[in-house]
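Data first, discussion second: the structure below is written as C-alpha cells.
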Amino acid sequence: MSVTTAPTPATSPETHHEATGLWSWITTVDHKRIGIMYFVTSLFFLGVGGIEALIIRLQLFSPENQLISAQLYNQLFTMHGTTMIFLVAMPQAVAFFNYIVPLQIGARDVAFPRLNALSYWIYLFGAIYLNVSWFVGAAPNTSWVGYANLTSTQFSPGLNVDFWVLGLSILGVSSIMGGVNFITTIINLRAPGMKLMRMPLFTWMTFVTSFLLVTALPVIAVALILLAFDRFFATNFFVASAGGDPVLWQHLFWIFGHPEVYILVLPAFGVISDVIPAFSRKPLFGYPVVVYAGVLIGFIGWGVWSHHMFTSGLGPIADSFFVASTMIIAIPTGVKIFNWMATMWGGALRFTTAMMFAVGLVALFTVGGLSGIMHSSAPVDLQQHDSYFVVAHFHYVIVGGILLGMFSGVYYWFPKVTGRLLSEKLGKLHFWTTIIGFNLTFFPMHFSGMYGMPRRTWTYQAELNVEIYNQLSTVGAFFLGASTLLLLWNIWKSLKSGEKAGHNPWGAPTLEWSIPSPPHHYNFPELPEVRSREPLWHDDEKAAIEAVTLKEPVTEPEMPNPSFWPIIVALGTTVTWALVMTGKWWAPLLGLAFTAVGIYGWAFEDPFKKKAAH
Amino acid sequence: MAEAAAVAHDDHHYTSTGLNSWKVGFWTFIGSECLFFGTLLSTYMVYKGAALQGPYPGDVFDIPLTTVSTFVLLMSSLAMVLALDGVQRANKKLTLFWLGVVIVFGAIFLGFQYYEFNHFVHEGLTLQQSVFGSTFFVLTGFHGAHVTVGVIWMISLFVMALRGKLPPEKALNVEIAGLYWHFVDIVWIVIFVLVYLIP
C-alpha cells in the first residue's frame, strides 16, 4: 500500500472552532460528541454493574455464606442484569453507531441531530432514575425478566418494582428514537455511490439492529405499561384471580427479549466484520452472504422467543415449533463464523489488539453458541433451565461475544476518535487477562449448573459439591474486573501521551479512515464519491477520495446549531414517568406539560439559523 | 467529482434516496407504532371472553353510536387530505376551513369516547372490574390519547396557518401531521372491527 500522495491532513481550521466547555456538551447535537458521551456513560455503568457482580461472587464464594442478606442479593442480581443489558451493552453499541456510522457512509451527521441528543439525555436520566432506587433502599429485586405475578403489588409491595417498570419505560423511549434516527440516516444520508451493498458491515448491522429496536421496544413498552397499570391503577392484566394470565407477561417479555439478544449481538458482529478484513488485508469473504445472514438473523430472531419458556407448559406442538426455529437460527450465525474464518484464511494477518479481541469473539461466542444449541432442545432445556449452565451460556454469548466485540471496536476506532493510538503492549495484556479471567469465571459455571446449582439463589449447601466451581468463578471475576482497569489505564495514558495516529493507522479500507483523526466537526469538507466496497484499497479511488476528504474547505459546511431543548424534553419525559410513582392520575400531567413546553420550543427553533456573531 | 461538489453545495436537501428524511423517519415511527398498537390489540384478543364477571362486551357496546363516531373520525381523514391540498395551493381560506373540520371532527370523536367511558362506568364496567374492563379501557384509552395529541397538533397548525406561517414550502409539516392522523384513523378501524364488531 503506497502511502499518501494526497494533501497532508488539515490540523486546525482557523474559521470557527467548535465550542468547548460544559454548556457546549450539554447543548451539543454533534453525533461524535454524543457518541463519546454514550461511551463514557456506558463505561461508568459497566463499572457499576461489575461491582454488583463482584459482590454477588463474594457472596457465592463459600456455601451458606452470610456476607449479604438474601434481600440484598435479589436486588444485586436484578440490577446487575438490568444494568448490563440496558445501561451498558445497548448504549455501548449506540455509542459506536453514533460515532462511526455517519463517518462510514460519508455523512456530516445523523438525520435528526437534536433527536439524537434527546436519545442520549433520556438514556442518562433513565439510568440515573433506575439507580436512585439504591439510595432509597428499594432497588428492583424481581430479576431482569420481572416475571408476573411476582411483580404484582401483592407479592412486591415496595417501591422496588416501581423503579424497574418506570425506569425501563423511560429507557425504551430512548432506544426507539435512536432506531428511527439510524434507519433514516442509513437510508438517506449515504454519500454519492455508497450503495446499500457497498456499506461497511458495521453500518449494515446497525441498520438491522435499528429495525429490531423500533419493532421490539414497543412490545416491551406495552408489557411495562400493562404492569404499571396493574401496580398503580389496580387493573387485572396479570392477576390470575381476575382472569388475567401471568404467562402473557412471559410471552410479551420474550417477544421483545429475544430480538433484544440480537440487538445486543449484531453490533458486535458488525464491529468484527470490519476489523477482521482490515487486519487480514482481504475483503470480507462472501460479503453479501454475511449481510443476508445478518438480515436473516433479524427476521428469525422474531420466531424463537418461546425457547425461553419451555418450562411454562406451552404444550408439545408449540415447543416443537420453537425447538425447530431455534435450531434454524444457528445456521445464519454459523455462516457468519465460517465467513470470518474464511476471511482470515490466506490473509496477511496482523495480530493487533483489535484483531485479537475479534478472533477471541469468534472462538468464545462459538462456545456460547454451542451450549445454546444444547438447550434449544426442549427436553434438554428442562434439565438446564434456571441453572448455572444457562448462566454460563449467556455470559459466553454476552461477554464472550458482545463485550469482546466492543473492546475490539474500542482498540480499532480509538485512534479515529482521539487521534492517538492505544498502547498495544497494555492492550495485549488487557486481552489475555480478559480471556483468562473470563474463562475462569464462566467456564466452571457449566459444571456448577450441571451439578444442579440454581440461578438467582442467595446461597447453596455444601453437599451440592459446587464450592470449588464457585471459588474458581469468584477468583476469575476479580481477575476480569482487574483486567478492565487495564483498559481504563490504557485510555488514560494514551489520551495524555499516546502515539499520534495519523488518519489511517491500520491501512483500513472504509470511508471513516479517509478523514483526519480526530475528524472535523463537519466530518467531510465535501462529500466523497464511493465506487467500491473497499474504497481506500484501490489506489485511484483512494486518491480521488482523499483529495476531497483531507483538504481544507474554502467555506466550512454549515452545521446545525447547538440546542438546549433536547435536555429539557428529556428532563420532562423522565419527570413525567417518575411522577407516575405518586399513584395520582393527574401528577404525570404536570411533567407532560413541562415536556410540551420543550417540544414547542424545539419545533419552532430553526436549527440552521445564523447566529448574530457571524 | 462534479457531482460531489454539486451535492456539497446543497447539502441540507441532499438525500441518497431523494426522499425527505422527515418522511422516512416518520414512516419508521409509524412502523414502530404498529407494533405498539398490535401488542395492545393482541392483549385484548388474548383476553377476549376471559372476564370472570360482567358487564360483558355485549352488555355495554352500543354499535350504532360507535358507528357514528367512527364515521366522524373517518371523515376527518378526508378533511385532512383537503387541508393539505389547501396548503399546497397556498389557499389560506381552504386550509383554515379544512384544518378546522379536522379539529372539530377529532374533538367530536373524543366527545363520543368521553361519553362512552362515562356510560360504561355507570353500567359497572370500570378499569378494575375485569380483564375486559382493563384491556378495553387501556387499548381505547391509548388510542384516544393519540387522537388528543393529533388534535393539539392540528390546532398548532391552524394557528400557524392563521398567522400566515404555513406557506406551500412548509406543506411537508402538514403532510407529516396528516400521516399521523391517517395512521390513528386506521388504528381505529382495526379496533372498531376487532373490539366492537366481532361478537
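Identifiers in this document derive from the order of the C-alpha cells: chains are assigned A, B, ..., residues are numbered from 1 separately in each chain, and ligands are numbered from 1 in order of occurrence.
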
Spatial neighbours of Met559 (chain A), max dist 8 Å, only C-alpha atoms, sep filter under 2 positions, as a ChimeraX atom specification: /A:522,557,561,608

Take the residues just selected and output them with C-alpha atoms as a PDB file, in the first residue's frame.
```
ATOM      1  CA  TYR A 522     -18.385  18.685   9.903  1.00  0.00           C
ATOM      2  CA  PRO A 557     -20.105  23.331   5.646  1.00  0.00           C
ATOM      3  CA  ASN A 561     -26.685  24.928  15.916  1.00  0.00           C
ATOM      4  CA  PHE A 608     -29.687  26.409  10.900  1.00  0.00           C
TER       5      PHE A 608
END
```

Per-residue DSSP, region 429-553 of chain A, filtered to helix (DSSP H, G or I), as a ChimeraX atom specification: /A:429-450,462-464,467-497,511-514,535-537,539-549

Would you save the residues of that selection, restricted to C-alpha atoms, as a compact mmCIF listing (two decimals), in the first residue's frame?
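In the end it all went to again-v6.txt:
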```txt
# COMPACT_ATOMS: atom_id res chain seq x y z
CA LEU A 429 -2.06 -7.60 28.44
CA HIS A 430 -5.68 -6.47 28.65
CA PHE A 431 -6.66 -9.06 26.06
CA TRP A 432 -5.00 -12.02 27.76
CA THR A 433 -6.15 -11.09 31.25
CA THR A 434 -9.68 -10.69 29.90
CA ILE A 435 -9.61 -14.09 28.22
CA ILE A 436 -8.18 -15.82 31.30
CA GLY A 437 -10.44 -14.01 33.74
CA PHE A 438 -13.48 -14.56 31.57
CA ASN A 439 -12.98 -18.30 31.15
CA LEU A 440 -12.05 -18.76 34.77
CA THR A 441 -15.28 -17.02 35.77
CA PHE A 442 -17.76 -18.61 33.44
CA PHE A 443 -16.43 -22.00 32.37
CA PRO A 444 -16.85 -23.54 35.85
CA MET A 445 -20.49 -22.40 35.83
CA HIS A 446 -21.22 -25.08 33.24
CA PHE A 447 -20.27 -27.60 35.92
CA SER A 448 -21.96 -25.99 38.88
CA GLY A 449 -25.07 -25.81 36.70
CA MET A 450 -24.83 -29.45 35.73
CA ALA A 462 -22.03 -27.69 50.91
CA GLU A 463 -23.49 -31.11 49.98
CA LEU A 464 -24.11 -29.89 46.44
CA GLU A 467 -17.96 -24.96 46.20
CA ILE A 468 -14.78 -25.36 44.14
CA TYR A 469 -16.50 -24.18 40.95
CA ASN A 470 -17.88 -21.16 42.73
CA GLN A 471 -14.50 -20.31 44.15
CA LEU A 472 -12.94 -20.50 40.69
CA SER A 473 -15.69 -18.26 39.36
CA THR A 474 -15.16 -15.71 42.11
CA VAL A 475 -11.40 -15.59 41.58
CA GLY A 476 -11.96 -15.29 37.84
CA ALA A 477 -14.48 -12.47 38.31
CA PHE A 478 -11.99 -10.37 40.23
CA PHE A 479 -9.34 -11.13 37.61
CA LEU A 480 -11.77 -9.99 34.91
CA GLY A 481 -12.64 -6.86 36.88
CA ALA A 482 -8.95 -6.00 37.30
CA SER A 483 -8.30 -6.56 33.60
CA THR A 484 -10.90 -3.91 32.75
CA LEU A 485 -8.92 -1.43 34.83
CA LEU A 486 -6.07 -2.03 32.39
CA LEU A 487 -8.27 -0.69 29.61
CA LEU A 488 -9.07 2.44 31.61
CA TRP A 489 -5.37 2.94 32.35
CA ASN A 490 -4.54 2.43 28.69
CA ILE A 491 -7.13 5.04 27.64
CA TRP A 492 -5.86 7.48 30.27
CA LYS A 493 -2.21 7.01 29.28
CA SER A 494 -2.93 7.25 25.60
CA LEU A 495 -5.00 10.44 25.95
CA LYS A 496 -2.06 12.04 27.74
CA SER A 497 0.88 10.76 25.76
CA LEU A 511 -14.54 5.74 4.49
CA GLU A 512 -14.08 6.74 8.13
CA TRP A 513 -10.32 6.28 7.63
CA SER A 514 -10.17 8.83 4.84
CA PRO A 535 -12.65 2.49 -1.39
CA LEU A 536 -9.29 3.05 0.32
CA TRP A 537 -7.82 -0.18 -1.02
CA ASP A 539 -5.19 3.46 -5.28
CA ASP A 540 -7.06 5.62 -7.80
CA GLU A 541 -10.25 5.69 -5.77
CA LYS A 542 -8.30 6.40 -2.57
CA ALA A 543 -6.51 9.31 -4.22
CA ALA A 544 -9.78 10.74 -5.53
CA ILE A 545 -11.49 10.43 -2.15
CA GLU A 546 -8.63 11.76 -0.04
CA ALA A 547 -8.24 14.73 -2.37
CA VAL A 548 -11.72 15.69 -1.15
CA THR A 549 -11.74 14.47 2.44
```

Proximity check chain A to chain B, 7 Å, nearest pairs one decimal Å, only C-alpha atoms, as a Markdown table:
```
| residue | atom | partner | partner_atom | distance |
| --- | --- | --- | --- | --- |
| A:Ala111 | CA | B:Ser21 | CA | 6.6 |
| A:Val180 | CA | B:Gly25 | CA | 5.7 |
| A:Asn181 | CA | B:Gly25 | CA | 6.7 |
| A:Thr184 | CA | B:Gly25 | CA | 5.4 |
| A:Asn188 | CA | B:Ser16 | CA | 4.9 |
| A:Leu189 | CA | B:Thr15 | CA | 5.4 |
| A:Arg190 | CA | B:Ser16 | CA | 5.6 |
| A:Ala191 | CA | B:Ser16 | CA | 6.9 |
| A:Pro192 | CA | B:Ser16 | CA | 6.9 |
| A:Val214 | CA | B:Ser32 | CA | 5.1 |
| A:Thr215 | CA | B:Ser32 | CA | 5.3 |
| A:Pro218 | CA | B:Phe36 | CA | 4.8 |
| A:Val219 | CA | B:Phe36 | CA | 6.0 |
| A:Val222 | CA | B:Phe36 | CA | 6.5 |
| A:Ala234 | CA | B:Gln128 | CA | 6.0 |
| A:Thr235 | CA | B:Gln128 | CA | 4.7 |
| A:Asn236 | CA | B:Val131 | CA | 5.5 |
| A:Phe237 | CA | B:Val131 | CA | 6.2 |
| A:Ala242 | CA | B:Ser130 | CA | 6.2 |
| A:Gly243 | CA | B:Ala50 | CA | 5.6 |
| A:Gly244 | CA | B:Val131 | CA | 6.2 |
| A:Glu526 | CA | B:Ala8 | CA | 5.4 |
| A:Leu527 | CA | B:Ala4 | CA | 5.7 |
| A:Pro528 | CA | B:Ala4 | CA | 6.3 |
| A:Glu529 | CA | B:Ala4 | CA | 6.3 |
```

Distance query region 78-90 of chain B at most 9 Å, only C-alpha atoms, self and fewer than 2 positions along chain excluded, as a PyMOL selection string: chain B and resi 74-76+92-102+161+166-172+174-175+177-178+181-182

Residues from the last selection, C-alpha atoms, saved as a short mmCIF file (atom, residue, chain, number, x, y, z; two decimals), in the first residue's frame:
```cif
data_model
loop_
_atom_site.label_atom_id
_atom_site.label_comp_id
_atom_site.auth_asym_id
_atom_site.auth_seq_id
_atom_site.Cartn_x
_atom_site.Cartn_y
_atom_site.Cartn_z
CA LEU B 74 -63.06 8.71 9.02
CA MET B 75 -64.47 11.90 7.55
CA SER B 76 -61.82 13.87 9.43
CA LYS B 92 -55.36 30.11 3.24
CA LYS B 93 -59.14 30.01 3.43
CA LEU B 94 -59.39 26.39 2.36
CA THR B 95 -56.50 25.44 4.65
CA LEU B 96 -58.15 27.05 7.67
CA PHE B 97 -61.55 25.62 6.86
CA TRP B 98 -60.41 22.03 6.42
CA LEU B 99 -57.98 22.12 9.34
CA GLY B 100 -60.90 23.42 11.38
CA VAL B 101 -63.01 20.49 10.23
CA VAL B 102 -60.27 18.05 11.26
CA ALA B 161 -51.91 29.00 9.15
CA LEU B 166 -47.87 27.90 6.63
CA PRO B 167 -46.75 28.70 3.08
CA PRO B 168 -46.62 25.95 0.43
CA GLU B 169 -42.90 25.37 1.19
CA LYS B 170 -43.99 24.16 4.62
CA ALA B 171 -46.58 21.76 3.24
CA LEU B 172 -44.40 18.92 4.49
CA VAL B 174 -48.94 19.34 7.25
CA GLU B 175 -48.22 16.19 5.26
CA ALA B 177 -49.21 15.63 10.60
CA GLY B 178 -51.55 14.04 8.05
CA TRP B 181 -53.72 11.50 11.60
CA HIS B 182 -54.45 8.85 8.96
#
```

Residue contacts of Gly369 (chain A) (12 Å, only C-alpha atoms) excluding same-chain residues fewer than 2 positions away, as a ChimeraX atom specification: /A:265,326-327,329-334,337,361-367,371-376,390,392-398,400-401

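Straight-line separation from CA of Phe45 (chain A) to CA of Gly146 (chain A): 20.7 Å.
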
Region 64-68 of chain B surroundings by only C-alpha atoms, 12 Å radius, close-in-sequence under 5 positions cut, as a short mmCIF file (atom, residue, chain, number, x, y, z; two decimals) with N, CA and C atoms, in the first residue's frame:
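File part-v5.cif, as written:
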```
data_model
loop_
_atom_site.label_atom_id
_atom_site.label_comp_id
_atom_site.auth_asym_id
_atom_site.auth_seq_id
_atom_site.Cartn_x
_atom_site.Cartn_y
_atom_site.Cartn_z
N LEU B 73 -64.75 10.19 12.57
CA LEU B 73 -63.29 10.13 12.54
C LEU B 73 -62.79 9.88 11.12
N LEU B 74 -63.49 9.00 10.39
CA LEU B 74 -63.06 8.71 9.02
C LEU B 74 -63.19 9.95 8.14
N MET B 75 -64.27 10.69 8.34
CA MET B 75 -64.47 11.90 7.55
C MET B 75 -63.38 12.95 7.85
N PHE B 105 -63.97 17.54 14.07
CA PHE B 105 -64.33 16.12 13.99
C PHE B 105 -63.54 15.30 15.01
N ILE B 108 -65.11 15.87 18.25
CA ILE B 108 -66.38 15.16 18.37
C ILE B 108 -66.13 13.69 18.71
N PHE B 109 -65.15 13.10 18.02
CA PHE B 109 -64.82 11.70 18.31
C PHE B 109 -64.43 11.55 19.78
N LEU B 110 -63.60 12.48 20.28
CA LEU B 110 -63.17 12.40 21.67
C LEU B 110 -64.36 12.59 22.60
N GLY B 111 -65.30 13.44 22.21
CA GLY B 111 -66.52 13.65 23.00
C GLY B 111 -67.32 12.35 23.11
N PHE B 112 -67.46 11.66 21.97
CA PHE B 112 -68.14 10.37 21.98
C PHE B 112 -67.44 9.41 22.94
N GLN B 113 -66.09 9.41 22.85
CA GLN B 113 -65.34 8.48 23.69
C GLN B 113 -65.55 8.82 25.17
N TYR B 114 -65.55 10.11 25.49
CA TYR B 114 -65.77 10.55 26.87
C TYR B 114 -67.15 10.07 27.36
N TYR B 115 -68.14 10.27 26.48
CA TYR B 115 -69.50 9.84 26.83
C TYR B 115 -69.54 8.33 27.05
N GLU B 116 -68.88 7.60 26.12
CA GLU B 116 -68.90 6.14 26.17
C GLU B 116 -68.24 5.64 27.47
N PHE B 117 -67.08 6.20 27.79
CA PHE B 117 -66.37 5.78 29.00
C PHE B 117 -67.24 6.03 30.23
N TRP B 188 -58.02 2.98 14.49
CA TRP B 188 -59.38 2.91 15.00
C TRP B 188 -60.23 1.94 14.20
N ILE B 189 -60.02 1.90 12.88
CA ILE B 189 -60.79 0.95 12.07
C ILE B 189 -60.54 -0.47 12.56
N ILE B 191 -59.50 -1.36 15.56
CA ILE B 191 -60.11 -1.52 16.88
C ILE B 191 -61.62 -1.71 16.76
N PHE B 192 -62.24 -0.91 15.89
CA PHE B 192 -63.69 -0.97 15.73
C PHE B 192 -64.11 -2.37 15.27
N VAL B 193 -63.36 -2.91 14.32
CA VAL B 193 -63.71 -4.24 13.81
C VAL B 193 -63.47 -5.31 14.88
N VAL B 195 -62.76 -5.13 18.19
CA VAL B 195 -63.32 -4.99 19.55
C VAL B 195 -64.84 -4.91 19.51
N TYR B 196 -65.38 -4.09 18.59
CA TYR B 196 -66.82 -3.84 18.63
C TYR B 196 -67.61 -4.81 17.75
N LEU B 197 -67.15 -5.02 16.50
CA LEU B 197 -68.00 -5.71 15.54
C LEU B 197 -67.96 -7.23 15.69
#
```

Of the listed residues A:Lys428, A:Lys609, A:His251, A:Lys551, that which approaches Met355 (chain A) most closely, counting only C-alpha atoms: A:Lys428

Interatomic distance (Å, one decimal) between CA of Asn74 (chain A) and CA of Asn141 (chain A):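 Value for the CA of Asn74 (chain A)-CA of Asn141 (chain A) distance: 4.9 Å.
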
Atom pair CA of Thr352 (chain A) / CA of Phe524 (chain A): separation (Å): 28.0 Å
